[in-house]
$ cat coords.txt   # compact mmCIF, C-alpha atoms and all ligand atoms
# COMPACT_ATOMS: atom_id res chain seq x y z
CA MET A 1 -55.61 49.76 -25.02
CA ALA A 2 -58.62 48.94 -27.16
CA GLU A 3 -59.48 46.12 -24.77
CA ASN A 4 -59.20 48.47 -21.83
CA THR A 5 -61.57 50.96 -23.37
CA THR A 6 -64.14 48.25 -24.06
CA LYS A 7 -63.90 47.10 -20.47
CA GLU A 8 -64.38 50.63 -19.18
CA LYS A 9 -67.36 51.03 -21.48
CA ASP A 10 -68.81 47.77 -20.14
CA ILE A 11 -68.45 49.07 -16.61
CA ARG A 12 -70.11 52.37 -17.52
CA ASP A 13 -72.98 50.56 -19.22
CA ASN A 14 -73.43 48.26 -16.26
CA GLU A 15 -73.66 51.21 -13.91
CA LYS A 16 -76.65 52.48 -15.85
CA LYS A 17 -78.49 49.17 -15.84
CA PRO A 18 -80.74 48.27 -12.93
CA SER A 19 -79.64 45.40 -10.74
CA ILE A 20 -81.63 42.24 -11.36
CA TYR A 21 -81.45 41.68 -7.60
CA SER A 22 -83.75 44.72 -7.22
CA LEU A 23 -86.68 42.88 -8.80
CA GLN A 24 -89.29 41.01 -6.82
CA LEU A 25 -90.51 37.80 -8.45
CA SER A 26 -93.75 39.47 -9.57
CA GLU A 27 -91.80 42.35 -11.14
CA LEU A 28 -89.59 39.95 -13.05
CA GLU A 29 -92.71 38.15 -14.24
CA SER A 30 -94.11 41.44 -15.58
CA TRP A 31 -90.86 42.22 -17.34
CA LEU A 32 -90.85 38.78 -18.97
CA LYS A 33 -94.42 39.26 -20.09
CA GLU A 34 -93.47 42.54 -21.78
CA GLN A 35 -90.72 40.63 -23.57
CA GLY A 36 -93.21 38.01 -24.77
CA GLU A 37 -91.68 35.36 -22.51
CA PRO A 38 -93.61 32.92 -20.32
CA LYS A 39 -94.03 33.80 -16.67
CA PHE A 40 -92.43 30.61 -15.33
CA ARG A 41 -89.05 31.82 -16.52
CA ALA A 42 -89.02 34.19 -13.54
CA ALA A 43 -88.82 31.28 -11.10
CA GLN A 44 -86.03 29.74 -13.18
CA ILE A 45 -84.09 33.00 -13.11
CA PHE A 46 -84.64 33.31 -9.34
CA ASP A 47 -83.29 29.78 -8.97
CA TRP A 48 -80.12 30.73 -10.85
CA LEU A 49 -79.70 33.93 -8.87
CA TYR A 50 -80.57 32.79 -5.36
CA GLN A 51 -80.10 29.02 -5.20
CA LYS A 52 -77.32 28.40 -7.70
CA ARG A 53 -76.00 31.90 -7.13
CA VAL A 54 -74.40 32.43 -10.55
CA GLY A 55 -72.64 35.68 -11.43
CA HIS A 56 -73.40 35.82 -15.18
CA PHE A 57 -76.49 35.52 -17.31
CA GLU A 58 -74.65 33.18 -19.74
CA GLU A 59 -74.57 30.57 -16.99
CA MET A 60 -78.38 30.30 -16.97
CA THR A 61 -78.26 27.36 -19.35
CA ASN A 62 -81.93 26.38 -19.28
CA LEU A 63 -82.85 29.75 -20.82
CA ALA A 64 -82.65 30.35 -24.56
CA LYS A 65 -79.61 32.27 -25.70
CA GLY A 66 -81.81 35.13 -26.89
CA LEU A 67 -83.34 35.59 -23.45
CA ARG A 68 -79.98 35.43 -21.75
CA GLU A 69 -78.74 38.21 -24.04
CA LYS A 70 -81.84 40.26 -23.43
CA LEU A 71 -81.38 39.94 -19.68
CA ALA A 72 -77.75 41.03 -19.99
CA ASN A 73 -78.79 44.04 -22.07
CA TYR A 74 -81.36 45.19 -19.53
CA PHE A 75 -79.87 44.23 -16.19
CA THR A 76 -76.68 43.82 -14.28
CA ILE A 77 -75.94 41.17 -11.65
CA THR A 78 -74.57 43.43 -8.92
CA THR A 79 -71.19 42.50 -7.56
CA LEU A 80 -69.77 43.99 -4.40
CA ASN A 81 -66.04 44.41 -4.22
CA THR A 82 -64.57 43.38 -0.85
CA LEU A 83 -62.27 46.15 0.36
CA VAL A 84 -61.67 44.81 3.86
CA GLN A 85 -62.64 41.61 5.61
CA HIS A 86 -62.00 41.21 9.34
CA THR A 87 -62.51 38.06 11.36
CA SER A 88 -63.12 38.40 15.06
CA GLN A 89 -61.98 35.86 17.65
CA ASP A 90 -65.64 35.04 18.29
CA GLY A 91 -66.19 34.22 14.58
CA THR A 92 -67.89 37.51 13.65
CA LEU A 93 -66.97 38.57 10.13
CA LYS A 94 -67.04 42.18 9.12
CA PHE A 95 -66.93 43.29 5.51
CA LEU A 96 -66.31 46.67 3.96
CA PHE A 97 -67.75 46.47 0.44
CA GLU A 98 -67.28 48.90 -2.41
CA LEU A 99 -70.28 49.81 -4.55
CA GLN A 100 -70.12 50.44 -8.31
CA ASP A 101 -69.87 54.19 -7.79
CA GLY A 102 -66.98 53.86 -5.34
CA TYR A 103 -68.90 54.42 -2.09
CA SER A 104 -68.39 51.89 0.65
CA ILE A 105 -70.76 50.08 3.01
CA GLU A 106 -70.45 47.64 5.89
CA THR A 107 -71.98 44.20 6.32
CA VAL A 108 -71.50 41.94 9.34
CA LEU A 109 -71.93 38.19 9.78
CA MET A 110 -72.61 37.15 13.37
CA ARG A 111 -72.43 33.52 14.37
CA HIS A 112 -74.86 32.37 17.03
CA GLU A 113 -75.68 28.95 18.42
CA TYR A 114 -78.98 29.15 16.57
CA GLY A 115 -77.47 30.11 13.22
CA ASN A 116 -75.78 32.72 11.08
CA SER A 117 -77.12 36.24 11.14
CA VAL A 118 -76.28 38.97 8.62
CA CYS A 119 -76.50 42.66 9.50
CA VAL A 120 -77.14 44.75 6.37
CA THR A 121 -76.70 48.40 5.44
CA THR A 122 -79.54 50.34 3.77
CA GLN A 123 -77.94 53.71 2.99
CA VAL A 124 -74.48 55.13 2.30
CA GLY A 125 -74.19 57.13 5.49
CA CYS A 126 -77.18 58.41 7.42
CA ARG A 127 -78.89 61.73 8.03
CA MET A 128 -80.46 61.04 11.40
CA GLY A 129 -77.57 62.61 13.33
CA CYS A 130 -77.73 60.45 16.48
CA THR A 131 -75.04 61.89 18.71
CA PHE A 132 -73.50 58.53 19.68
CA CYS A 133 -73.41 56.82 16.29
CA ALA A 134 -70.50 56.50 13.85
CA SER A 135 -72.74 55.86 10.82
CA THR A 136 -74.04 59.40 10.66
CA LEU A 137 -70.69 61.19 10.94
CA GLY A 138 -70.49 62.22 7.27
CA GLY A 139 -74.22 62.60 6.70
CA LEU A 140 -76.19 60.78 4.00
CA LYS A 141 -74.53 60.21 0.63
CA ARG A 142 -77.27 58.19 -1.05
CA ASP A 143 -79.90 55.48 -0.63
CA LEU A 144 -79.10 51.90 -1.57
CA GLU A 145 -81.08 50.18 -4.31
CA PRO A 146 -82.91 47.03 -3.15
CA GLY A 147 -80.43 44.97 -5.19
CA GLU A 148 -77.50 46.47 -3.32
CA ILE A 149 -79.03 45.33 -0.04
CA VAL A 150 -79.83 41.87 -1.44
CA ALA A 151 -76.27 41.60 -2.80
CA GLN A 152 -74.86 41.97 0.73
CA VAL A 153 -76.73 38.89 1.92
CA LEU A 154 -75.72 36.95 -1.19
CA LYS A 155 -72.09 37.89 -0.80
CA VAL A 156 -72.08 36.59 2.79
CA GLN A 157 -74.02 33.48 1.71
CA LYS A 158 -71.37 32.79 -0.94
CA ALA A 159 -68.68 33.03 1.74
CA LEU A 160 -70.68 30.53 3.83
CA ASP A 161 -71.16 28.21 0.82
CA GLU A 162 -67.52 27.22 1.23
CA THR A 163 -68.32 25.53 4.54
CA ASP A 164 -71.82 24.43 3.50
CA GLU A 165 -73.49 26.85 5.90
CA ARG A 166 -76.52 29.01 5.42
CA VAL A 167 -77.57 32.56 6.32
CA SER A 168 -80.45 31.86 8.68
CA SER A 169 -81.42 35.34 9.80
CA ILE A 170 -81.10 38.98 8.79
CA VAL A 171 -81.01 42.11 10.89
CA VAL A 172 -81.50 45.45 9.17
CA MET A 173 -79.26 47.26 11.64
CA GLY A 174 -76.26 48.31 9.61
CA ILE A 175 -75.47 51.80 8.33
CA GLY A 176 -78.49 53.98 7.49
CA GLU A 177 -82.07 54.49 8.54
CA PRO A 178 -84.16 51.76 6.85
CA PHE A 179 -87.37 53.80 7.08
CA ASP A 180 -85.64 56.69 5.29
CA ASN A 181 -85.27 54.31 2.30
CA TYR A 182 -88.63 52.64 2.78
CA ASN A 183 -89.50 51.38 -0.71
CA SER A 184 -86.10 49.79 -1.22
CA LEU A 185 -86.37 48.21 2.22
CA LEU A 186 -89.74 46.67 1.41
CA SER A 187 -88.54 45.28 -1.93
CA PHE A 188 -85.48 43.85 -0.21
CA LEU A 189 -87.62 42.18 2.47
CA ARG A 190 -89.91 40.60 -0.12
CA ILE A 191 -87.01 39.30 -2.22
CA VAL A 192 -85.09 37.65 0.62
CA ASN A 193 -88.32 36.32 2.11
CA ASP A 194 -89.60 34.79 -1.16
CA ASP A 195 -89.38 31.01 -1.10
CA LYS A 196 -87.99 31.18 -4.62
CA GLY A 197 -85.52 33.85 -3.45
CA LEU A 198 -83.33 33.36 -0.40
CA ASN A 199 -86.30 31.94 1.52
CA ILE A 200 -85.46 33.56 4.84
CA GLY A 201 -88.54 33.42 7.05
CA ALA A 202 -90.10 36.71 8.14
CA ARG A 203 -89.69 35.70 11.77
CA HIS A 204 -85.96 35.46 11.14
CA ILE A 205 -85.76 39.04 9.89
CA THR A 206 -85.52 42.10 12.14
CA VAL A 207 -85.90 45.73 11.09
CA SER A 208 -84.83 48.57 13.37
CA THR A 209 -85.77 52.24 13.11
CA SER A 210 -84.82 55.41 14.93
CA GLY A 211 -88.51 56.32 14.89
CA ILE A 212 -89.82 57.74 11.61
CA ILE A 213 -93.44 57.70 12.70
CA PRO A 214 -95.41 57.73 9.41
CA ARG A 215 -93.45 54.70 8.20
CA ILE A 216 -94.22 52.83 11.44
CA TYR A 217 -97.94 53.10 10.58
CA ASP A 218 -97.20 51.99 7.00
CA PHE A 219 -95.11 49.08 8.22
CA ALA A 220 -97.86 47.97 10.60
CA ASP A 221 -100.27 47.90 7.65
CA GLU A 222 -97.97 45.79 5.40
CA GLY A 223 -99.08 42.59 7.08
CA LEU A 224 -95.55 41.22 7.42
CA GLN A 225 -94.54 38.92 10.26
CA ILE A 226 -91.15 40.59 10.58
CA ASN A 227 -89.55 41.38 13.96
CA PHE A 228 -89.52 45.07 14.66
CA ALA A 229 -87.26 47.17 16.87
CA ILE A 230 -87.22 50.84 17.84
CA SER A 231 -84.07 52.64 18.92
CA LEU A 232 -85.45 54.37 21.98
CA HIS A 233 -82.40 55.20 24.12
CA ALA A 234 -84.19 57.62 26.44
CA PRO A 235 -87.22 57.62 28.76
CA ASN A 236 -88.26 61.25 28.17
CA THR A 237 -88.44 63.78 25.36
CA GLU A 238 -85.77 66.12 26.65
CA LEU A 239 -83.14 63.41 26.94
CA ARG A 240 -84.15 61.71 23.69
CA THR A 241 -83.83 64.96 21.75
CA ARG A 242 -80.34 65.39 23.17
CA LEU A 243 -79.31 61.92 21.99
CA MET A 244 -81.41 61.65 18.84
CA PRO A 245 -82.33 64.79 16.86
CA VAL A 246 -85.05 62.76 15.06
CA ASN A 247 -87.06 63.22 18.25
CA LYS A 248 -87.60 66.90 17.34
CA ALA A 249 -89.54 65.91 14.23
CA TYR A 250 -91.09 62.76 15.69
CA ASP A 251 -91.73 63.21 19.38
CA LEU A 252 -91.59 60.44 21.96
CA GLN A 253 -95.26 60.64 22.92
CA ASP A 254 -96.34 60.29 19.27
CA LEU A 255 -93.82 57.51 18.85
CA MET A 256 -95.48 55.62 21.70
CA LYS A 257 -98.85 55.99 20.00
CA ALA A 258 -97.41 54.59 16.76
CA VAL A 259 -95.86 51.68 18.66
CA LYS A 260 -99.19 50.93 20.29
CA TYR A 261 -100.87 50.96 16.88
CA TYR A 262 -98.20 48.60 15.56
CA THR A 263 -98.54 46.08 18.38
CA GLU A 264 -102.33 46.13 18.20
CA LYS A 265 -102.51 45.90 14.43
CA THR A 266 -99.94 43.10 14.06
CA GLY A 267 -100.39 41.34 17.38
CA ARG A 268 -96.62 41.24 17.56
CA ARG A 269 -94.27 42.26 20.31
CA ILE A 270 -91.94 45.18 19.69
CA THR A 271 -88.34 45.49 20.87
CA PHE A 272 -86.99 48.70 22.34
CA GLU A 273 -83.25 49.15 21.99
CA TYR A 274 -81.87 51.16 24.85
CA GLY A 275 -78.19 52.07 24.70
CA LEU A 276 -76.66 52.76 28.09
CA PHE A 277 -74.54 55.88 27.89
CA GLY A 278 -72.49 56.43 31.03
CA GLY A 279 -73.85 59.20 33.26
CA VAL A 280 -76.43 60.22 30.64
CA ASN A 281 -79.39 57.81 30.64
CA ASP A 282 -78.22 54.91 32.79
CA GLN A 283 -79.40 55.66 36.31
CA VAL A 284 -82.10 53.86 38.29
CA LYS A 285 -84.38 56.89 37.95
CA HIS A 286 -84.14 56.51 34.15
CA ALA A 287 -85.05 52.83 34.40
CA GLU A 288 -88.08 53.74 36.49
CA GLU A 289 -89.13 56.42 34.05
CA LEU A 290 -88.66 54.01 31.14
CA ALA A 291 -90.82 51.40 32.88
CA ARG A 292 -93.59 53.98 33.30
CA LEU A 293 -93.32 55.03 29.65
CA ILE A 294 -93.70 51.57 28.16
CA LYS A 295 -95.84 49.86 30.79
CA GLY A 296 -98.72 47.92 29.23
CA LEU A 297 -97.15 47.75 25.78
CA LYS A 298 -96.46 44.36 24.25
CA CYS A 299 -92.71 44.83 24.30
CA HIS A 300 -89.27 43.82 25.31
CA VAL A 301 -86.23 45.97 26.16
CA ASN A 302 -82.77 45.19 24.85
CA LEU A 303 -80.09 47.00 26.83
CA ILE A 304 -76.99 47.82 24.78
CA PRO A 305 -73.79 48.76 26.58
CA VAL A 306 -72.45 51.69 24.55
CA ASN A 307 -69.86 50.94 21.89
CA TYR A 308 -67.04 53.37 22.21
CA VAL A 309 -66.72 55.59 19.13
CA PRO A 310 -63.53 57.68 19.09
CA GLU A 311 -65.31 60.66 17.49
CA ARG A 312 -67.99 60.58 20.20
CA ASP A 313 -67.32 61.05 23.88
CA TYR A 314 -69.77 58.68 25.54
CA VAL A 315 -68.42 56.31 28.16
CA ARG A 316 -69.51 52.85 29.25
CA THR A 317 -71.81 52.18 32.14
CA PRO A 318 -70.11 50.02 34.80
CA ARG A 319 -71.20 46.38 34.77
CA ASN A 320 -72.94 46.44 38.17
CA GLN A 321 -74.92 49.52 37.17
CA ILE A 322 -76.12 47.77 34.00
CA PHE A 323 -77.44 44.94 36.20
CA GLU A 324 -79.06 47.48 38.52
CA PHE A 325 -80.83 49.04 35.51
CA GLU A 326 -81.99 45.61 34.34
CA LYS A 327 -83.21 44.71 37.85
CA THR A 328 -85.23 47.92 38.10
CA LEU A 329 -87.00 47.20 34.82
CA LYS A 330 -87.72 43.61 35.84
CA LYS A 331 -89.08 44.74 39.20
CA ASN A 332 -91.51 46.92 37.25
CA GLY A 333 -92.70 44.01 35.13
CA ILE A 334 -90.75 44.80 31.96
CA ASN A 335 -89.17 42.02 29.85
CA VAL A 336 -85.52 42.84 29.47
CA THR A 337 -82.25 41.36 28.18
CA ILE A 338 -78.72 42.70 27.95
CA ARG A 339 -77.31 42.49 24.46
CA ARG A 340 -74.50 40.01 24.10
CA GLU A 341 -71.62 41.74 22.43
CA GLN A 342 -69.73 40.39 19.48
CA GLY A 343 -66.93 41.54 17.26
CA HIS A 344 -65.54 44.04 19.73
CA ASP A 345 -62.00 43.50 18.49
CA ILE A 346 -62.90 44.30 14.86
CA GLU A 347 -64.91 47.51 15.12
CA ALA A 348 -68.10 45.66 14.28
CA ALA A 349 -70.47 48.33 15.60
CA CYS A 350 -72.37 50.39 13.04
CA GLY A 351 -70.25 52.56 10.83
CA GLN A 352 -67.04 52.13 12.78
CA LEU A 353 -65.09 50.34 10.09
CA ARG A 354 -66.22 52.65 7.31
CA ALA A 355 -65.41 55.68 9.45
CA LYS A 356 -61.92 54.36 10.04
CA GLU A 357 -61.06 53.05 6.59
CA ARG A 358 -62.76 55.72 4.53
CA LYS A 359 -62.11 58.88 6.47
CA GLU A 360 -62.79 61.20 3.55
CA GLU A 361 -66.15 59.52 2.83
CA ALA A 362 -67.47 59.45 6.39
CA ARG A 363 -66.70 63.07 7.04
N1 LIG B 1 -81.04 53.58 11.93
C1 LIG B 1 -81.67 52.41 12.50
C2 LIG B 1 -80.88 51.14 12.23
C3 LIG B 1 -79.54 51.07 12.95
S1 LIG B 1 -79.65 49.83 14.16
C4 LIG B 1 -81.92 52.64 13.97
O1 LIG B 1 -81.49 53.67 14.49
O2 LIG B 1 -82.58 51.83 14.60
C5 LIG B 1 -78.21 50.05 15.08
C6 LIG B 1 -78.47 50.22 16.56
O3 LIG B 1 -77.23 50.49 17.24
C7 LIG B 1 -79.41 51.37 16.85
O4 LIG B 1 -80.21 51.05 17.93
C8 LIG B 1 -78.41 52.47 17.22
O5 LIG B 1 -79.05 53.46 17.96
C9 LIG B 1 -77.38 51.68 17.99
N2 LIG B 1 -76.07 52.35 18.11
C10 LIG B 1 -75.46 53.17 17.24
N3 LIG B 1 -74.28 53.59 17.72
C11 LIG B 1 -74.12 53.02 18.92
C12 LIG B 1 -73.11 53.08 19.91
N4 LIG B 1 -72.01 53.82 19.76
N5 LIG B 1 -73.30 52.34 21.03
C13 LIG B 1 -74.41 51.58 21.18
N6 LIG B 1 -75.40 51.50 20.29
C14 LIG B 1 -75.26 52.22 19.17
$ encode --input "coords.txt" --output "structure tokens" --more "lines below"
Ligand code: SAH
Amino acid sequence: MAENTTKEKDIRDNEKKPSIYSLQLSELESWLKEQGEPKFRAAQIFDWLYQKRVGHFEEMTNLAKGLREKLANYFTITTLNTLVQHTSQDGTLKFLFELQDGYSIETVLMRHEYGNSVCVTTQVGCRMGCTFCASTLGGLKRDLEPGEIVAQVLKVQKALDETDERVSSIVVMGIGEPFDNYNSLLSFLRIVNDDKGLNIGARHITVSTSGIIPRIYDFADEGLQINFAISLHAPNTELRTRLMPVNKAYDLQDLMKAVKYYTEKTGRRITFEYGLFGGVNDQVKHAEELARLIKGLKCHVNLIPVNYVPERDYVRTPRNQIFEFEKTLKKNGINVTIRREQGHDIEAACGQLRAKERKEEAR
């Protein structure tokens, strides 16, 4: 009994402590300085966390005992509890993780010829209200801390350690709107990108947004070399508002101006994600309108055949019509690809697993 109580107290205390995974290297250096410790300890701690991937401060044996205890008093090393793990026939792994407060999030590992890609979640739920998406069904519960996003990548990396493989790229395309949790997103990007952290190159990281315009300008000004995608899904305001309520606050024409600013400021190409929803936005006239909208922009279109979500009533566009749409864009000089689909048999699309397994939470 006594032991139990102590354990519960430990858990409660840990919940209050910030995750050490939330700290960028420079922030850890500042903390060490405040503690009267030399700065180089930060790199040693990063090595334990991200290269050796230990789960306890006591294991950091090149640090003095006093410092290890201090670290344990201030911080927690976030652990995610695996609630469900599904393996698809194509090798895709989908995880449902439980956070310390009991909420659940999804993380997906996709295996490509060019490497292993992890899709991370940035919020518990989402408040954008896109009418086709399972992630937004129960609204937004809370933002994730940077450390909770970092922990997802580490958890997948630890699974890959067993076969001596490495996470080679990250897509921020899981549950949530990354630009609605902007500061945590930026910390996360800097931590995984740091060569003393997980050392994942900026060009191997992709961030996707539904179009929160002020943050697009901020992101352009960050000077990062990260790949950037916009969920567009419609060639005109009327249709986009129907599919994505965010378009009421941040209109398509203004979005295009922000995209132009981004491409000019960074010199980088932008990706437009365009989901094909049967009978809604998938006709040749839509492709022509889309081509007119984005003509002249440094961009690329990724066509996504809709993922069926039971709670939503969108249907798939027939195969030949998808090719027709692609052909029309190409004819108009637009770079376009059709997204290869993975993990169909394991509900790997955003929010589907959480919606199914945690009905009360995603409602
Ligand atoms: N909130 C961000 C990050 C999510 S990325 C964003 O909107 O960009 C996930 C991508 O999958 C987005 O482009 C989203 O619009 C798309 N998506 C969501 N539900 C889908 C569905 N049922 N079928 C096809 N694409 C979907």
$ axis_aligned_box --input "coords.txt" --around "region 34-47 of chain A" --padding-each-side "6 Å" --output "AutoDock Vina command-line options"
--center_x -88.7 --center_y 36.1 --center_z -16.9 --size_x 22.7 --size_y 24.8 --size_z 27.8
$ atom_distance --input "coords.txt" --atom1 "CA of Gln225 (chain A)" --atom2 "CA of Glu264 (chain A)"
13.3 Å
$ residues_around --input "coords.txt" --residues "Glu289 (chain A)" --least-positions-apart "4" --cutoff "12 Å" --atoms "only C-alpha atoms" --output "number ranges by chain"
A: 234-237, 239, 281-285, 293-295, 325, 328-329, 332, 334
$ closest_residue --input "coords.txt" --among "A:Ile105, A:Val306, A:Leu93, A:Val156" --to "ligand LIG 1 (chain B)" --atoms "all atoms listed in the file"
A:Val306
$ atom_distance --input "coords.txt" --atom1 "CA of Glu37 (chain A)" --atom2 "CA of Ser184 (chain A)"
26.3 Å
$ residues_around --input "coords.txt" --residues "region 314-323 of chain A" --least-positions-apart "4" --cutoff "9 Å" --atoms "only C-alpha atoms" --output "list of chain:residue names"
A:Phe132, A:Leu276, A:Phe277, A:Gly278, A:Gly279, A:Val280, A:Asp282, A:Gln283, A:Val284, A:Leu303, A:Pro305, A:Val306, A:Asn307, A:Tyr308, A:Val309, A:Lys327, A:Thr328, A:Ile338
$ write_last_selection --input "coords.txt" --atoms "C-alpha atoms" --output "mmCIF file, in the frame of the given file"
data_model
loop_
_atom_site.group_PDB
_atom_site.id
_atom_site.type_symbol
_atom_site.label_atom_id
_atom_site.label_comp_id
_atom_site.auth_asym_id
_atom_site.auth_seq_id
_atom_site.Cartn_x
_atom_site.Cartn_y
_atom_site.Cartn_z
ATOM 1 C CA PHE A 132 -73.500 58.530 19.680
ATOM 2 C CA LEU A 276 -76.660 52.760 28.090
ATOM 3 C CA PHE A 277 -74.540 55.880 27.890
ATOM 4 C CA GLY A 278 -72.490 56.430 31.030
ATOM 5 C CA GLY A 279 -73.850 59.200 33.260
ATOM 6 C CA VAL A 280 -76.430 60.220 30.640
ATOM 7 C CA ASP A 282 -78.220 54.910 32.790
ATOM 8 C CA GLN A 283 -79.400 55.660 36.310
ATOM 9 C CA VAL A 284 -82.100 53.860 38.290
ATOM 10 C CA LEU A 303 -80.090 47.000 26.830
ATOM 11 C CA PRO A 305 -73.790 48.760 26.580
ATOM 12 C CA VAL A 306 -72.450 51.690 24.550
ATOM 13 C CA ASN A 307 -69.860 50.940 21.890
ATOM 14 C CA TYR A 308 -67.040 53.370 22.210
ATOM 15 C CA VAL A 309 -66.720 55.590 19.130
ATOM 16 C CA LYS A 327 -83.210 44.710 37.850
ATOM 17 C CA THR A 328 -85.230 47.920 38.100
ATOM 18 C CA ILE A 338 -78.720 42.700 27.950
#
$ residues_near_ligand --input "coords.txt" --ligand "ligand LIG 1 (chain B)" --cutoff "9 Å" --atoms "all atoms listed in the file" --output "JSON, numbers by chain"
{"A": [121, 122, 126, 128, 130, 131, 132, 133, 134, 135, 171, 172, 173, 174, 175, 176, 177, 178, 179, 180, 207, 208, 209, 210, 211, 229, 230, 231, 232, 233, 244, 272, 273, 274, 275, 276, 277, 304, 305, 306, 307, 308, 309, 312, 314, 349, 350, 351, 352]}
$ closest_residue --input "coords.txt" --among "A:Leu83, A:Ala159, A:Lys33, A:Ala355" --to "Thr136 (chain A)" --atoms "all atoms listed in the file"
A:Ala355
$ residues_around --input "coords.txt" --residues "Gln157 (chain A)" --least-positions-apart "5" --cutoff "9 Å" --atoms "only C-alpha atoms" --output "list in words"
Gln152, Glu165, Arg166 and Val167 of chain A
$ write_last_selection --input "coords.txt" --atoms "C-alpha atoms" --output "PDB file, in the frame of the given file"
ATOM      1  CA  GLN A 152     -74.860  41.970   0.730  1.00  0.00           C
ATOM      2  CA  GLU A 165     -73.490  26.850   5.900  1.00  0.00           C
ATOM      3  CA  ARG A 166     -76.520  29.010   5.420  1.00  0.00           C
ATOM      4  CA  VAL A 167     -77.570  32.560   6.320  1.00  0.00           C
TER       5      VAL A 167
END
$ closest_residue --input "coords.txt" --among "A:Pro146, A:Pro245, A:Gly102, A:Gly197" --to "Ala42 (chain A)" --atoms "only C-alpha atoms"
A:Gly197
$ closest_residue --input "coords.txt" --among "A:Ile45, A:Val108, A:Val259, A:Leu80" --to "Ile216 (chain A)" --atoms "all atoms listed in the file"
A:Val259
$ residues_around --input "coords.txt" --residues "Arg268 (chain A)" --least-positions-apart "2" --cutoff "8 Å" --atoms "all atoms listed in the file" --output "list in words"
Gln225, Asn227, Tyr262, Thr263, Glu264, Thr266, Ile270 and Lys298 of chain A
$ closest_residue --input "coords.txt" --among "A:Gly201, A:Gly223, A:Pro18, A:Gly267" --to "Thr76 (chain A)" --atoms "all atoms listed in the file"
A:Pro18
$ closest_residue --input "coords.txt" --among "A:Thr241, A:Asn181, A:Asn73, A:Ser88" --to "Asp143 (chain A)" --atoms "only C-alpha atoms"
A:Asn181
$ atom_distance --input "coords.txt" --atom1 "CA of Lys39 (chain A)" --atom2 "CA of Gln51 (chain A)"
18.7 Å
$ residues_around --input "coords.txt" --residues "Gln35 (chain A)" --least-positions-apart "3" --cutoff "12 Å" --atoms "all atoms listed in the file" --output "ChimeraX atom specification"
/A:28-32,38-39,41,66-67,70-71,74
$ residues_near_point --input "coords.txt" --point "(-74.0, 59.2, 6.0)" --cutoff "7 Å" --atoms "all atoms listed in the file" --output "PyMOL selection string"
chain A and resi 124-127+135-141+362
$ build_atoms --input "coords.txt" --residues "region 192-201 of chain A" --atoms "N, CA, C and O atoms" --output "JSON list (two decimals), in the coordinates of the input"
[["chain", "number", "residue", "atom", "x", "y", "z"],
["A", 192, "VAL", "N", -85.79, 38.66, -0.20],
["A", 192, "VAL", "CA", -85.09, 37.65, 0.62],
["A", 192, "VAL", "C", -86.06, 36.68, 1.28],
["A", 192, "VAL", "O", -85.72, 35.54, 1.57],
["A", 193, "ASN", "N", -87.30, 37.15, 1.47],
["A", 193, "ASN", "CA", -88.32, 36.32, 2.11],
["A", 193, "ASN", "C", -88.96, 35.32, 1.13],
["A", 193, "ASN", "O", -89.44, 34.26, 1.54],
["A", 194, "ASP", "N", -88.94, 35.64, -0.15],
["A", 194, "ASP", "CA", -89.60, 34.79, -1.16],
["A", 194, "ASP", "C", -89.03, 33.37, -1.12],
["A", 194, "ASP", "O", -87.81, 33.19, -1.06],
["A", 195, "ASP", "N", -89.93, 32.38, -1.17],
["A", 195, "ASP", "CA", -89.38, 31.01, -1.10],
["A", 195, "ASP", "C", -88.63, 30.63, -2.37],
["A", 195, "ASP", "O", -87.86, 29.68, -2.38],
["A", 196, "LYS", "N", -88.81, 31.40, -3.43],
["A", 196, "LYS", "CA", -87.99, 31.18, -4.62],
["A", 196, "LYS", "C", -86.73, 32.06, -4.58],
["A", 196, "LYS", "O", -85.82, 31.91, -5.39],
["A", 197, "GLY", "N", -86.71, 33.01, -3.64],
["A", 197, "GLY", "CA", -85.52, 33.85, -3.45],
["A", 197, "GLY", "C", -84.62, 33.19, -2.41],
["A", 197, "GLY", "O", -84.39, 32.00, -2.47],
["A", 198, "LEU", "N", -84.22, 33.96, -1.41],
["A", 198, "LEU", "CA", -83.33, 33.36, -0.40],
["A", 198, "LEU", "C", -84.10, 32.59, 0.66],
["A", 198, "LEU", "O", -83.51, 31.88, 1.47],
["A", 199, "ASN", "N", -85.43, 32.73, 0.65],
["A", 199, "ASN", "CA", -86.30, 31.94, 1.52],
["A", 199, "ASN", "C", -85.96, 32.09, 2.99],
["A", 199, "ASN", "O", -85.91, 31.10, 3.73],
["A", 200, "ILE", "N", -85.72, 33.31, 3.42],
["A", 200, "ILE", "CA", -85.46, 33.56, 4.84],
["A", 200, "ILE", "C", -86.78, 33.99, 5.48],
["A", 200, "ILE", "O", -87.39, 34.97, 5.07],
["A", 201, "GLY", "N", -87.22, 33.22, 6.44],
["A", 201, "GLY", "CA", -88.54, 33.42, 7.05],
["A", 201, "GLY", "C", -88.68, 34.78, 7.70],
["A", 201, "GLY", "O", -87.72, 35.31, 8.28]]
